[in-house]
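Enquirer: I have a structure I would like to understand better, so I am pasting it below and will then ask my questions one at a time.
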Amino acid sequence: MYKLISDKNGARRGEFVTNRGTVQTPAFMNVATAGAIKGAVSAEDLKEIGCQVMLSNTYHLHIRPGDEVVRDCGGLHKFTTWEGPILTDSGGFQVFSLAALRHIQEEGVTFHSHVDGKKIFMGPEESMQIQSNLGSTIAMAFDECVENPAEYSYSKASCERTTRWLERCKTKMHQLNSLESTINREQMLFGINQGCTYNDLRINHMKEIADLDLDGYAIGGLAVGEPAEVMYDVIEHVTPHMPQNKIRYLMGVGTPLNILNAVERGVDLFDCVMPSRNARHGHLFTSKGIININNKKYEYDMTPIDENCGCPVCQRYSKAYIRHLLKSTEMLSQRLLVMHNLWFYNNLMTDIRKALDEGRFAEFKAEQEEILGRRI
RNA sequence: GUGGUUGUAGCUUAGUUGGUUAAAGCGCCAGUUUGUGGCACUGGAGACCGUGGGUUCGAAUCCCAUCUACCACC
């Protein structure tokens, strides 16, 4: 259940209540595709760095270790030991990212496993069954994330199919939640808006799925190569047609700047691999801009990654040491780098909420825009 | 001491019977990364080819000397 606390010129401050705790929004979800944050970051670490929601992936967990394994081991919460809310992505994105290995039909999609090449069929019912077995707090609808650019006619047909798939997801989830053997019988379902960069398709699709009265609504298929202005324009056109009393999730986005701009346009929830992936390659977010800790200028630098940062890494470790660990491919580097970047993102969301609470979001955004995109 | 093998980028090596600006991996320097098939990807700098002579229109490549390292024998 979503409670809107305030709505100032579009930007929303709210609370999202789940049976695993309440999420303060706007919020950023930390991506743990296979049930773990890449870079040796544990569930305890996640708590320490201010993570509210963990995100895992249906497709990847279905392939390995298998959703039935997770179910028989007590569900994803017990399996990973993460006690807070977990959102599972449906596998829809893999339709797009594993494009070379898939075949889409009305019933669903046939994939070839990237692990052993085995043929796997996934449709709305299969995705719901898997997510139910995983026992996540929130299940995402099985959609098609259309590539960009895409033809208008293809995007339209794909949208219509995604709507039909969504109806099937809802029916299947309702059925699964009524079973006594289901791990989380209060599993929530979010629908996903598509329509490529065609605003009329986006708006029509949003109106259609809003009628289905789901637990939340996502905007998918963005940040796949289109310019940021185009993405903002789509968001601006779609959010007015999203239910006010439901949480709004922009999938896979993005940079700190993207997030500020999306919050301004009424988005509540985000996820992105950027902080973790970039961290593993030494690309770090700081209160003064972006740094690449591989750079030689940090060889002797005994100051923390960010002097204004409250993360556990910046309390103890220096750039010189972390740079050395990264250059030496020590595993510890990955852990320290990822923890810093995730803390930065989680803290950015805390600052955004605070600014919203204090009625100075516009000033905060203007001030951060100056800083966050620049490289130092 | 005698015979043999070896010497090409910071490191490990490729360089066809002599033929344009000597190639690669690693390392180094820098960049990219948006619902994670990523310790990945892209680019850049870096070599008077052990040294000195010689043959040739032309030598990393052939010849001589010398130095270095290793091996075998006395």
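Chain identifiers are assigned as A, B, and so on, following the order in which chains appear in the structure tokens; residues are numbered from 1 within each chain, and ligands are numbered from 1 in order of appearance.
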Considering only C-alpha atoms (C1' of nucleotides), give me a table of residues in chain A that are at most 7 Å from chain B, with the closest atom pair and distance in Å for each, as CSV.
Expert:
residue,atom,partner,partner_atom,distance
A:Thr33,CA,B:U36,C1',6.7
A:Asp89,CA,B:G35,C1',6.4
A:Phe93,CA,B:G35,C1',5.9
A:His114,CA,B:G37,C1',6.0
A:Ala223,CA,B:U34,C1',5.6
A:Met251,CA,B:G35,C1',4.7
A:Gly252,CA,B:G35,C1',4.4
A:Val253,CA,B:U34,C1',5.1
A:Gly254,CA,B:U34,C1',4.6
A:Thr255,CA,B:U34,C1',6.8
A:Cys272,CA,B:U34,C1',6.1
A:Val273,CA,B:U36,C1',6.1
A:Met274,CA,B:U34,C1',6.1
A:Asn278,CA,B:U33,C1',6.4
A:Thr329,CA,B:C39,C1',6.6
Enquirer: Name the residues in contact with range 53-70 of chain A at a cut-off of 9 Å, using only C-alpha atoms (C1' of nucleotides), excluding same-chain residues fewer than 6 positions from it; report them as a PyMOL selection string.
Expert: (chain A and resi 23+27-37+46+76+78-79+82+84-92+94+113-115+120+122+127+129-136+271) or (chain B and resi 35)
Enquirer: Could you please determine the separation between CA of Val109 in chain A and CA of Val238 in chain A in Å, to one decimal place?
Expert: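 A separation of 27.0 Å between them.
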Enquirer: Can you pull out the residues contacting U5 in chain B? Cut-off 12 Å, using only C-alpha atoms (C1' of nucleotides), and skip same-chain residues under 3 positions away; I want them as a list in words.
Expert: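 After dropping sequence-adjacent residues, the list is A69, C70, C71 and A72 of chain B.
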Enquirer: Between CA of Ile192 in chain A and CA of Lys156 in chain A, what is the spacing in Å?
Expert: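 CA of Ile192 in chain A lies 14.5 Å from CA of Lys156 in chain A.
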